[in-house]
Structures are given as C-alpha cells and as structure tokens.
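> Just dropping this structure here.
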Number of protein chains: 2
Amino acid sequence: MLIDERKQEILSITGERTYISVEELAKLVFASPATIRRDLADLANAGLIKRVRGGASVLAPNTGEVSSLIRRKTNVIEKKRMAQAAINYFREGESYFFDSSTTVGQIIPLLKHFTDITVITNGFDNAMTLSNFVSFSSYMAPGIISSNVGSSVGPDTVEFVSRFYVDAFFFSCRGFSLDAGPNEGTIEQQRVKAAMASRARKLICLVDHTKFDRTLLSSDCGLEDIDVLITDREPPEEYREAFQRANIDVVVAG
Amino acid sequence: MLIDERKQEILSITGERTYISVEELAKLVFASPATIRRDLADLANAGLIKRVRGGASVLAPNTGEVSSLIRRKTNVIEKKRMAQAAINYFREGESYFFDSSTTVGQIIPLLKHFTDITVITNGFDNAMTLSNFVSFSSYMAPGIISSNVGSSVGPDTVEFVSRFYVDAFFFSCRGFSLDAGPNEGTIEQQRVKAAMASRARKLICLVDHTKFDRTLLSSDCGLEDIDVLITDREPPEEYREAFQRANIDVVVAG
DNA sequence: TGACAAATAATCAAATTCAAGCAAAACTTT
DNA sequence: AAAGTTTTGCTTGAATTTGATTATTTGTCA
C-alpha cells in the first residue's frame with residue numbers, strides 16, 4: 001500500500017470511530033506500530049487528527065474550522081426549504097445584497113441557471129460558494145475580519161455597501177422578536193445589515209422558528225421595513241397579527 | 001502502444017482506483033517501471049495527477065464546494081511544513097498581506113499566540129480561517145468574486161490593498177519558472193498580487209516543488225524582487241544559482 | 001511519592017523507490 | 001536505406017521508508 005493511501009485510510013478509519021488504538025490500526029492497514037505512530041505524528045502535525053496516548057481520535061469538535069463546518073450543517077433541511085421559497089423573488093437583471101448567514105447561503109446553489117444577476121455579500125462562506133457555484137457577477141465587501149463571525153464588518157463594509165442600491169436584501173438574523181424585529185448580537189453585524197437594509201428596495205428576511213422570541217443586542221431594522229418573511233413553521237398567533245399589521249408577506253416553507 | 005495512448009490509459013486507471021502503484025501500472029500497460037515513472041512525471045507536471053511515493057493518485061476534482069474542501073486537504077503535509085518555516089518571519093507589531101492560497105492559509109493556525117499583528121487578505125478561505133483561529137485584527141479586501149478562484153479580484157481589490165504598506169507579503173503562485181518568476185493563470189489574480197507585492201517591504205514566496213518549471217499567463221513579480229523563498233524540496237541546480245544571483249534566502253522545509 | 005508497565009521517541013540497518021545517465025531499439029525524415 | 005531523433009529499459013548512486021531495537025517518557029497504582 002502506498003504511503004498516502006495508508007494515511008488516507010487511517011484518516012477515514014479514525015473519522016468513523018472517534019477513537020482507535022495504534023495496535024488496531026497496525027492490523028487494519030498491515031503496517032508495524034512504528035509506522036503507524038509515524039503516520040499519526042504526520043497527520044496530527046497537519047491538524048487532521050488528534051493524538052491521544054495509545055492511539056488517535058478525531059479532532060475535538062470545537063476547534064474553529066470544524067465548528068464552522070458543523071454550524072453549516074445544522075438545520076440544513078429547513079434552511080434548504082426556506083431557500084427554495086426564496087428563489088421566487090429573483091429576477092434576471094436585478095441585483096441583491098446577501099448577508100453572511102448560512103441560511104441565505106443555501107440560496108446560492110439554486111441560482112445556478114441565472115446569468116445576469118448581481119450579488120453583493122460580506123460573508124466569506126457565501127463568497128466562496130458564489131465563487132464555486134454561479135456564473136454571474138458577485139462582489140465581496142471589504143472590512144474587518146472579526147472573531148468567529150465569518151464576515152467583513154466595520155466602517156469599510158458600511159461604506160462599500162452604501163455605494164450600491166439594489167433590488168432586494170436577503171438576510172437572516174440571530175434573534176427575532178415582536179418589539180425588536182430582526183436583531184443581532186453584535187453592533188458590528190447590525191451596522192452592516194442596517195446599511196444593507198437602507199440601500200435595498202425590498203427586504204426579504206429568512207427566519208427559522210428557533211429565532212422567534214429572542215432579543216439580543218440591536219435591531220437590524222423595524223418590523224415594518226420587512227417586505228417578505230420566509231420561515232419554516234407557522235408562526236405563533238401574535239406574530240401573524242403583527243406581520244399583517246406591518247404588511248409583511250409571510251411564506252411558510254414546509 | 002502509442003505514448004499518448006498509454007498516458008491516457010494511466011490517467012483512466014488512476015481515476016478509477018484513486019491510488020495506484022508504479023508496479024501495478026507497469027503490469028497493466030506492459031511497460032517498465034522506468035517508463036511509467038517518466039509518464040507519471042509528465043502527467044503530474046501537466047497537473048493531471050498527483051505523484052506520491054510508490055505510485056500516483058488522482059487530483060481532487062475541482063468542481064463545487066466539496067472540491068475546495070478537498071483541495072484544502074491535498075498536500076497538507078508539505079504545505080504545513082512550509083508554513084512552519086514561514087512563522088520565523090513574523091514579529092509582534094508588524095503587518096502582512098496574505099494572498100488567497102491554501103499554502104499561505106496553513107500559516108494562520110500557527111499564528112494563534114500572536115496578539116498584535118495585522119493581516120490583510122483577499123482570500124475567502126483564509127479570511128474564514130482568520131476569523132476562526134486568531135485574535136489579532138485582520139482585514140478583508142473587497143472585489144469581484146470570480147469563478148473558482150475563491151478570492152476578491154479587480155480594481156476595488158487593487159485600490160484597497162494600495163491603501164496599506166506592510167512589512168511582508170506572504171504568497172504562493174500557480175507556476176514558478178526562471179524566466180517568469182512566480183506567475184498566475186489569470187490577469188486578475190496577477191494584478192492583485194503585483195499590487196500587494198509593490199506595497200510590501202519584504203516578499204516571502206511559498207512554492208512547493210510541483211510549481212517549478214511551469215509558466216502560465218503572467219508574472220507576479222521579478223525573481224529579484226523576492227526576499228525569501230520557502231519550498232519543500234531542494235530546488236534544481238540552475239534555480240539555486242539563480243536564487244543566489246537574485247539574493248534570495250532559500251528555505252527548504254523538510 | 002516511588003516503582004512498574006505501557007506507550008512513545010530515537011536510532012539504525014535493510015529494503016524500496018527514485019532520478020539521471022547511458023546505450024539499444026524504434027520511429028522519422030530525407 | 002541512411003542519418004538523426006525519440007523512446008525505452010537497464011544500471012547506479014542517492015534518498016526515503018520501514019520494522020526492529022533501544023532509550024525515554026508517561027500514566028497508574030500501591
């Protein structure tokens with residue numbers, strides 16, 4: 001077996017079992033314990049596994065990169081449904097702001113067949129997905145890269161997005177309540193979203209049910225500024241009334 | 001069997017098996033190991049397969065999101081080594097440009113304990129890693145999100161990076177040759193790297209050996225502009241001489 | 001805390017793999 | 001058919017990898 005092949009094998013075994021001993025690995029890939037240890041040292045050095053005495057285990061699930069991958073995977077099904085509902089609001093020739101949320105990110109692969117729309121985003125993941133999946137033109141906003149946010153924020157970001165005026169702003173939020181509307185946990189995020197909101201003809205908010213009744217630090221915009229609200233479950237009665245008063249089109253993606 | 005026919009055969013065998021040894025290939029296409037090695041060298045040089053000791057493996061197919069995750073994992077070990085060598089050039093209080101390469105991206109987790117450095121990048125993946133791993137301040141450059149590049153490019157990007165003047169520019173390249181120096185396959189990428197290069201006190205180039213003797217579209221900078229070159233194998237004799245003439249510090253990360 | 005056992009790291013020689021040089025074979029061109 | 005070019009397989013020395021051996025470290029239990 002080739003060296004790289006064996007390391008690959010070790011990686012996939014380790015990934016399935018969370019923990020495995022050097023002895024077992026040696027038997028499974030037909031190599032001596034010494035060789036296995038050397039391989040494990042390399043793999044651990046490359047940050048692909050975690051070594052523990054007696055063997056190896058998968059990376060602790062809360063080390064930055066991995067966590068962002070996991071976060072991306074939570075509630076994918078609901079998010080995909082909401083994204084599916086959102087594509088009805090896209091028209092060839094128009095332009096849009098996308099925030100940095102993974103919810104909005106789910107829309108991107110569905111835009112494959114569009115050729116003449118423009119998307120501006122401040123999210124790194126969403127920018128990457130745009131780069132990989134679509135053929136129309138997109139723009140990345142500059143800004144400060146702050147911890148665990150995965151997006152550009154700060155005055156440069158606000159200044160950049162203020163140069164545009166787009167047809168719609170697709171966004172999600174950390175919390176959503178009747179008095180605060182869509183809101184964020186950090187001022188920086190909120191400032192950028194507020195700027196995007198003020199430069200868009202239409203506001204389309206994607207909120208899954210877990211966000212309701214959560215008020216964090218500061219509001220992205222007023223409830224009455226929202227034009228369309230896409231969610232994954234029928235909202236509670238008092239929300240429905242408020243949405244009607246605020247003249248919001250509610251779409252329940254089930 | 002014709003030469004090209006045999007190479008084609010090798011390609012399709014490699015594609016099906018992911019990993020294949022030189023011995024096996026020799027039997028399958030009725031040629032000597034020496035010939036197989038020569039073929040593999042050609043194919044790897046053309047960027048069609050990846051050579052590994054004892055044989056060859058397929059390149060990660062570069063389509064879609066998955067590929068970027070895989071791409072991030074190919075050659076990790078070599079890249080990690082080069083990154084390790086690069087951290088000697090970081091000093092508390094300084095500021096740096098990072099290009100969008102995964103090679104340079106490998107440096108980021110190693111900067112964890114730095115508290116007062118500044119990094120400016122145009123790469124989405126690298127921005128994401130910075131956001132997840134480090135505590136110092138970083139900045140994302142704006143620009144066009146073009147297909148399959150994973151980075152901001154274009155006039156906005158150039159204008160943005162030109163606002164800074166940093167201590168060093170850490171970068172990789174698609175190809176590296178004696179006449180063209182570090183070079184790229186697209187003008188857009190090259191423009192951004194050239195701009196970063198012109199606004200940095202020091203140029204630190206990370207090149208793995210597969211990049212040597214490849215000239216693509218346009219040069220990032222002249223050979224003589226480079227201050228430090230970090231690579232994973234002892235470069236060929238003529239390169240060593242050229243590096244010496246150009247007054248480049250060569251670091252072989254083994 | 002100290003001693004013991006297990007695991008790991010370091011060292012080394014044998015085996016494998018690789019690149020470069022070289023001459024024979026195969027193929028082209030004239 | 002002859003001369004020149006390309007390709008091939010072999011040989012050799014260098015480099016890498018491997019498993020065994022020995023020293024060192026680590027964790028546990030008395």
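Note on naming: chains are A, B, ... as they come in the structure tokens, residues start from 1 per chain, ligands start from 1 in the order shown.
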Can you check the Cα RMSD once chain B has been least-squares fitted onto chain A over every paired atom, in order?
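My reading of the C-alpha RMSD is 12.1 Å.
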> Could you list the residues in chain B lying within 8 Å of chain A, using only C-alpha atoms, and format the result as a VMD selection string?
chain B and resid 19 to 21 52 to 55 63 to 65 76 to 77 80 124 to 125 127 to 135 137 to 152
> Write the residues of the preceding selection, restricted to N, CA and C atoms, as a CSV table (one decimal), in the first residue's frame.

```
chain,number,residue,atom,x,y,z
B,19,TYR,N,-5.7,5.5,-5.9
B,19,TYR,CA,-4.3,5.3,-5.7
B,19,TYR,C,-3.8,4.1,-6.5
B,20,ILE,N,-2.6,4.1,-7.1
B,20,ILE,CA,-2.1,3.0,-7.9
B,20,ILE,C,-0.6,3.0,-7.8
B,21,SER,N,0.0,1.9,-7.7
B,21,SER,CA,1.5,1.8,-7.6
B,21,SER,C,2.1,1.8,-9.0
B,52,VAL,N,2.7,10.3,-5.8
B,52,VAL,CA,3.1,10.0,-4.4
B,52,VAL,C,4.1,8.9,-4.5
B,53,ARG,N,4.9,8.8,-3.4
B,53,ARG,CA,6.0,7.8,-3.4
B,53,ARG,C,5.4,6.5,-3.7
B,54,GLY,N,5.9,5.8,-4.6
B,54,GLY,CA,5.5,4.4,-5.0
B,54,GLY,C,4.4,4.4,-6.0
B,55,GLY,N,3.9,5.5,-6.4
B,55,GLY,CA,2.9,5.5,-7.5
B,55,GLY,C,2.2,6.9,-7.7
B,63,THR,N,-14.5,20.7,-8.8
B,63,THR,CA,-15.9,21.3,-9.1
B,63,THR,C,-16.6,21.4,-7.8
B,64,GLY,N,-17.2,22.6,-7.6
B,64,GLY,CA,-18.1,22.8,-6.5
B,64,GLY,C,-17.4,22.9,-5.1
B,65,GLU,N,-18.3,23.0,-4.2
B,65,GLU,CA,-17.9,23.3,-2.8
B,65,GLU,C,-17.0,22.2,-2.2
B,76,VAL,N,-1.4,18.6,2.3
B,76,VAL,CA,-1.4,19.4,3.5
B,76,VAL,C,-0.1,19.3,4.2
B,77,ILE,N,0.5,18.1,4.2
B,77,ILE,CA,1.7,17.8,5.0
B,77,ILE,C,2.8,18.7,4.5
B,80,LYS,N,2.0,22.3,5.3
B,80,LYS,CA,2.1,22.6,6.8
B,80,LYS,C,3.6,22.8,7.1
B,124,PHE,N,-11.2,34.2,0.5
B,124,PHE,CA,-12.3,33.9,1.4
B,124,PHE,C,-12.0,32.8,2.4
B,125,ASP,N,-11.4,31.7,1.9
B,125,ASP,CA,-11.0,30.7,2.9
B,125,ASP,C,-10.1,31.2,4.0
B,127,ALA,N,-9.7,34.2,5.0
B,127,ALA,CA,-10.5,35.2,5.8
B,127,ALA,C,-11.2,34.4,6.9
B,128,MET,N,-11.9,33.3,6.4
B,128,MET,CA,-12.7,32.4,7.3
B,128,MET,C,-11.8,31.8,8.4
B,129,THR,N,-10.6,31.4,8.0
B,129,THR,CA,-9.7,30.8,8.9
B,129,THR,C,-9.2,31.8,9.9
B,130,LEU,N,-8.9,33.0,9.4
B,130,LEU,CA,-8.5,34.1,10.3
B,130,LEU,C,-9.6,34.4,11.3
B,131,SER,N,-10.8,34.4,10.9
B,131,SER,CA,-12.0,34.7,11.7
B,131,SER,C,-12.1,33.6,12.8
B,132,ASN,N,-11.8,32.4,12.5
B,132,ASN,CA,-12.0,31.3,13.4
B,132,ASN,C,-10.8,31.1,14.3
B,133,PHE,N,-9.6,31.4,13.9
B,133,PHE,CA,-8.4,31.0,14.7
B,133,PHE,C,-7.7,32.0,15.4
B,134,VAL,N,-7.7,33.2,15.0
B,134,VAL,CA,-6.8,34.2,15.6
B,134,VAL,C,-7.5,35.3,16.3
B,135,SER,N,-6.7,36.0,17.1
B,135,SER,CA,-7.4,37.1,17.9
B,135,SER,C,-6.9,38.5,17.5
B,137,SER,N,-6.1,41.6,14.7
B,137,SER,CA,-7.0,42.2,13.7
B,137,SER,C,-6.6,41.8,12.3
B,138,SER,N,-7.6,41.5,11.5
B,138,SER,CA,-7.4,41.2,10.1
B,138,SER,C,-8.4,42.0,9.2
B,139,TYR,N,-8.0,42.1,8.0
B,139,TYR,CA,-8.9,42.9,7.0
B,139,TYR,C,-9.1,42.1,5.8
B,140,MET,N,-10.4,42.2,5.3
B,140,MET,CA,-10.7,41.5,4.0
B,140,MET,C,-10.8,42.6,2.9
B,141,ALA,N,-10.2,42.2,1.8
B,141,ALA,CA,-10.2,43.2,0.7
B,141,ALA,C,-11.4,43.0,-0.1
B,142,PRO,N,-12.0,44.1,-0.7
B,142,PRO,CA,-13.2,43.9,-1.5
B,142,PRO,C,-12.9,43.5,-2.9
B,143,GLY,N,-13.9,43.3,-3.7
B,143,GLY,CA,-13.6,43.0,-5.1
B,143,GLY,C,-14.6,42.1,-5.8
B,144,ILE,N,-14.3,41.8,-7.0
B,144,ILE,CA,-15.2,40.9,-7.8
B,144,ILE,C,-15.0,39.4,-7.3
B,145,ILE,N,-16.1,38.7,-7.1
B,145,ILE,CA,-16.0,37.3,-6.8
B,145,ILE,C,-16.0,36.5,-8.1
B,146,SER,N,-14.9,36.1,-8.6
B,146,SER,CA,-14.9,35.4,-9.9
B,146,SER,C,-14.9,33.9,-9.8
B,147,SER,N,-15.2,33.2,-10.8
B,147,SER,CA,-15.5,31.8,-10.7
B,147,SER,C,-14.3,30.9,-10.3
B,148,ASN,N,-14.5,30.1,-9.4
B,148,ASN,CA,-13.5,29.1,-9.0
B,148,ASN,C,-12.1,29.6,-8.5
B,149,VAL,N,-12.1,30.9,-8.0
B,149,VAL,CA,-10.9,31.4,-7.6
B,149,VAL,C,-10.9,31.5,-6.1
B,150,GLY,N,-12.0,31.8,-5.5
B,150,GLY,CA,-12.1,31.9,-4.0
B,150,GLY,C,-11.4,33.1,-3.5
B,151,SER,N,-11.4,34.2,-4.3
B,151,SER,CA,-10.8,35.4,-3.8
B,151,SER,C,-11.4,36.7,-4.4
B,152,SER,N,-11.2,37.8,-3.8
B,152,SER,CA,-11.6,39.1,-4.3
B,152,SER,C,-10.5,39.5,-5.4
```
> Could you list, as a ChimeraX atom specification, every residue of chain D that has an atom within 9 Å of an atom of chain A, counting only C-alpha atoms (C1' of nucleotides)?
/D:17-19,26
> Given the selection you just returned, output its residues as a file containing N, CA and C atoms (P, O5', C5', C4', C3', O3' and C1' of nucleotides), formatted as a PDB file, in the first residue's frame.

```
ATOM      1  P    DT D  17       9.364   9.258   2.641  1.00  0.00           P
ATOM      2  O5'  DT D  17       9.282   7.729   3.077  1.00  0.00           O
ATOM      3  C5'  DT D  17       9.046   6.754   2.072  1.00  0.00           C
ATOM      4  C4'  DT D  17       9.162   5.372   2.649  1.00  0.00           C
ATOM      5  C3'  DT D  17       8.445   5.191   4.001  1.00  0.00           C
ATOM      6  O3'  DT D  17       7.573   4.083   3.889  1.00  0.00           O
ATOM      7  C1'  DT D  17      10.653   4.340   4.097  1.00  0.00           C
ATOM      8  P    DT D  18       6.567   3.690   5.034  1.00  0.00           P
ATOM      9  O5'  DT D  18       7.275   2.435   5.692  1.00  0.00           O
ATOM     10  C5'  DT D  18       7.680   1.356   4.849  1.00  0.00           C
ATOM     11  C4'  DT D  18       8.469   0.356   5.655  1.00  0.00           C
ATOM     12  C3'  DT D  18       7.873   0.098   7.049  1.00  0.00           C
ATOM     13  O3'  DT D  18       7.520  -1.262   7.173  1.00  0.00           O
ATOM     14  C1'  DT D  18      10.228   0.521   7.151  1.00  0.00           C
ATOM     15  P    DG D  19       6.468  -1.732   8.251  1.00  0.00           P
ATOM     16  O5'  DG D  19       7.407  -2.576   9.218  1.00  0.00           O
ATOM     17  C5'  DG D  19       8.156  -3.657   8.674  1.00  0.00           C
ATOM     18  C4'  DG D  19       9.278  -4.018   9.619  1.00  0.00           C
ATOM     19  C3'  DG D  19       8.827  -4.344  11.049  1.00  0.00           C
ATOM     20  O3'  DG D  19       9.534  -5.503  11.485  1.00  0.00           O
ATOM     21  C1'  DG D  19      10.462  -2.622  11.090  1.00  0.00           C
ATOM     22  P    DT D  26       6.680  13.275  29.102  1.00  0.00           P
ATOM     23  O5'  DT D  26       5.514  12.250  29.439  1.00  0.00           O
ATOM     24  C5'  DT D  26       4.883  11.560  28.373  1.00  0.00           C
ATOM     25  C4'  DT D  26       3.926  10.537  28.941  1.00  0.00           C
ATOM     26  C3'  DT D  26       3.081  11.070  30.106  1.00  0.00           C
ATOM     27  O3'  DT D  26       1.722  10.882  29.790  1.00  0.00           O
ATOM     28  C1'  DT D  26       4.067   8.971  30.640  1.00  0.00           C
TER      29       DT D  26
END
```
> Tell me which protein, DNA and RNA residues are within 6 Å of segment 200-213 of chain A, counting only C-alpha atoms (C1' of nucleotides), leaving out same-chain ones fewer than 5 positions away, and put them as a VMD selection string.
chain A and resid 165 to 172 175 to 177 226 to 232
> Could you save the residues just selected, with N, CA and C atoms, as a tab-separated table (two decimals), in the first residue's frame?

```
chain	number	residue	atom	x	y	z
A	165	TYR	N	-27.20	50.42	-4.78
A	165	TYR	CA	-28.62	50.42	-4.44
A	165	TYR	C	-29.22	49.23	-5.16
A	166	VAL	N	-29.75	48.28	-4.41
A	166	VAL	CA	-30.13	47.01	-5.02
A	166	VAL	C	-31.64	46.76	-4.93
A	167	ASP	N	-32.07	45.72	-5.62
A	167	ASP	CA	-33.49	45.41	-5.66
A	167	ASP	C	-33.98	44.74	-4.39
A	168	ALA	N	-33.12	43.92	-3.78
A	168	ALA	CA	-33.56	43.27	-2.56
A	168	ALA	C	-32.39	42.88	-1.67
A	169	PHE	N	-32.67	42.79	-0.37
A	169	PHE	CA	-31.68	42.37	0.61
A	169	PHE	C	-32.19	41.08	1.25
A	170	PHE	N	-31.47	39.99	1.02
A	170	PHE	CA	-31.83	38.71	1.62
A	170	PHE	C	-30.99	38.54	2.88
A	171	PHE	N	-31.66	38.34	4.00
A	171	PHE	CA	-30.90	38.23	5.24
A	171	PHE	C	-31.58	37.35	6.26
A	172	SER	N	-30.77	36.88	7.19
A	172	SER	CA	-31.27	36.16	8.33
A	172	SER	C	-30.88	36.96	9.57
A	175	GLY	N	-31.67	36.76	16.26
A	175	GLY	CA	-32.90	36.68	17.02
A	175	GLY	C	-34.02	37.45	16.32
A	176	PHE	N	-35.25	37.15	16.68
A	176	PHE	CA	-36.39	37.83	16.06
A	176	PHE	C	-37.50	37.95	17.10
A	177	SER	N	-37.89	39.20	17.41
A	177	SER	CA	-38.96	39.37	18.39
A	177	SER	C	-39.91	40.47	17.93
A	226	ILE	N	-39.71	45.25	6.80
A	226	ILE	CA	-39.62	43.95	6.12
A	226	ILE	C	-40.75	43.80	5.10
A	227	ASP	N	-40.41	43.30	3.92
A	227	ASP	CA	-41.42	43.09	2.89
A	227	ASP	C	-41.88	41.64	2.84
A	228	VAL	N	-40.90	40.72	2.93
A	228	VAL	CA	-41.25	39.31	2.87
A	228	VAL	C	-40.54	38.58	4.01
A	229	LEU	N	-41.28	37.71	4.70
A	229	LEU	CA	-40.67	36.92	5.74
A	229	LEU	C	-40.84	35.45	5.41
A	230	ILE	N	-39.71	34.76	5.27
A	230	ILE	CA	-39.76	33.33	4.96
A	230	ILE	C	-39.37	32.56	6.21
A	231	THR	N	-40.20	31.63	6.63
A	231	THR	CA	-39.91	30.87	7.83
A	231	THR	C	-40.24	29.40	7.60
A	232	ASP	N	-39.92	28.55	8.58
A	232	ASP	CA	-40.08	27.11	8.34
A	232	ASP	C	-41.28	26.51	9.06
```
> With a cut-off of 9 Å, could you pull out the residues of chain C touching chain A and give me the nearest pair of atoms for each, distance in Å to one decimal, using only C-alpha atoms (C1' of nucleotides), ordered by chain and ascending number, as a tab-separated table?

```
residue	atom	partner	partner_atom	distance
C:DA6	C1'	A:Gly54	CA	8.9
C:DA7	C1'	A:Gly54	CA	6.4
C:DT8	C1'	A:Arg37	CA	8.3
```
> I'd like the interatomic distance between atom CA of Thr215 of chain B and atom CA of Thr18 of chain B, to a tenth of an Å.
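Here the two named atoms are 27.7 Å from each other.
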> Apply DSSP to the structure's backbone, then extract all residues of segment 103-155 of chain B labelled strand (DSSP E) and return them as an NGL selection string.
:B and (118-121 or 137-140 or 143-145 or 152-153)
> Write a file of the just-selected residues containing C-alpha atoms, as a PDB file, in the first residue's frame.

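Saved result, result-v4.pdb, follows:
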```pdb
ATOM      1  CA  THR B 118      -2.318  42.704  11.315  1.00  0.00           C
ATOM      2  CA  VAL B 119      -3.167  40.585   8.309  1.00  0.00           C
ATOM      3  CA  ILE B 120      -4.828  41.764   5.115  1.00  0.00           C
ATOM      4  CA  THR B 121      -6.069  39.149   2.666  1.00  0.00           C
ATOM      5  CA  SER B 137      -7.023  42.189  13.711  1.00  0.00           C
ATOM      6  CA  SER B 138      -7.388  41.213  10.081  1.00  0.00           C
ATOM      7  CA  TYR B 139      -8.902  42.865   7.050  1.00  0.00           C
ATOM      8  CA  MET B 140     -10.721  41.527   4.040  1.00  0.00           C
ATOM      9  CA  GLY B 143     -13.618  42.991  -5.113  1.00  0.00           C
ATOM     10  CA  ILE B 144     -15.199  40.863  -7.772  1.00  0.00           C
ATOM     11  CA  ILE B 145     -15.983  37.274  -6.805  1.00  0.00           C
ATOM     12  CA  SER B 152     -11.568  39.075  -4.347  1.00  0.00           C
ATOM     13  CA  VAL B 153     -10.043  40.433  -7.543  1.00  0.00           C
TER      14      VAL B 153
END
```
> Would you list the contacts of Ser162 of chain A as a tab-separated table (two decimals) with N, CA and C atoms, in the first residue's frame, taking every protein, DNA or RNA residue within 9 Å and counting only C-alpha atoms (C1' of nucleotides), but skipping same-chain residues closer than 4 positions in sequence?

```tsv
chain	number	residue	atom	x	y	z
A	157	THR	N	-16.93	48.23	5.44
A	157	THR	CA	-18.03	47.43	4.92
A	157	THR	C	-19.24	48.31	4.65
A	158	VAL	N	-19.57	49.13	5.64
A	158	VAL	CA	-20.73	50.02	5.51
A	158	VAL	C	-20.55	50.97	4.33
A	195	ALA	N	-27.12	49.01	7.14
A	195	ALA	CA	-26.70	49.72	5.93
A	195	ALA	C	-27.24	49.05	4.69
A	196	MET	N	-27.15	47.73	4.65
A	196	MET	CA	-27.68	46.99	3.51
A	196	MET	C	-29.19	47.22	3.40
A	198	SER	N	-30.92	49.72	4.33
A	198	SER	CA	-31.30	51.07	3.92
A	198	SER	C	-31.04	51.30	2.42
A	199	ARG	N	-30.27	50.42	1.81
A	199	ARG	CA	-29.95	50.60	0.39
A	199	ARG	C	-30.61	49.53	-0.48
```
> Could you pull out all residues of segment 31-212 of chain A with a DSSP call of alpha helix (DSSP H) and give them as a VMD selection string?
chain A and resid 33 to 45 65 to 73 76 to 86 102 to 105 124 to 133 155 to 161 187 to 198
> Which residue out of C:DA24, C:DA5, C:DA19, C:DA14 has the minimum interatomic distance to DA20 of chain D when only C-alpha atoms (C1' of nucleotides) are used?
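The answer is C:DA14, which sits nearest to DA20 of chain D.
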> Of the residues C:DA15, C:DG21, C:DT1, C:DC27, which is the one nearest to DT16 of chain D, using only C-alpha atoms (C1' of nucleotides)?
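For DT16 of chain D, the nearest of the candidates is C:DA15.
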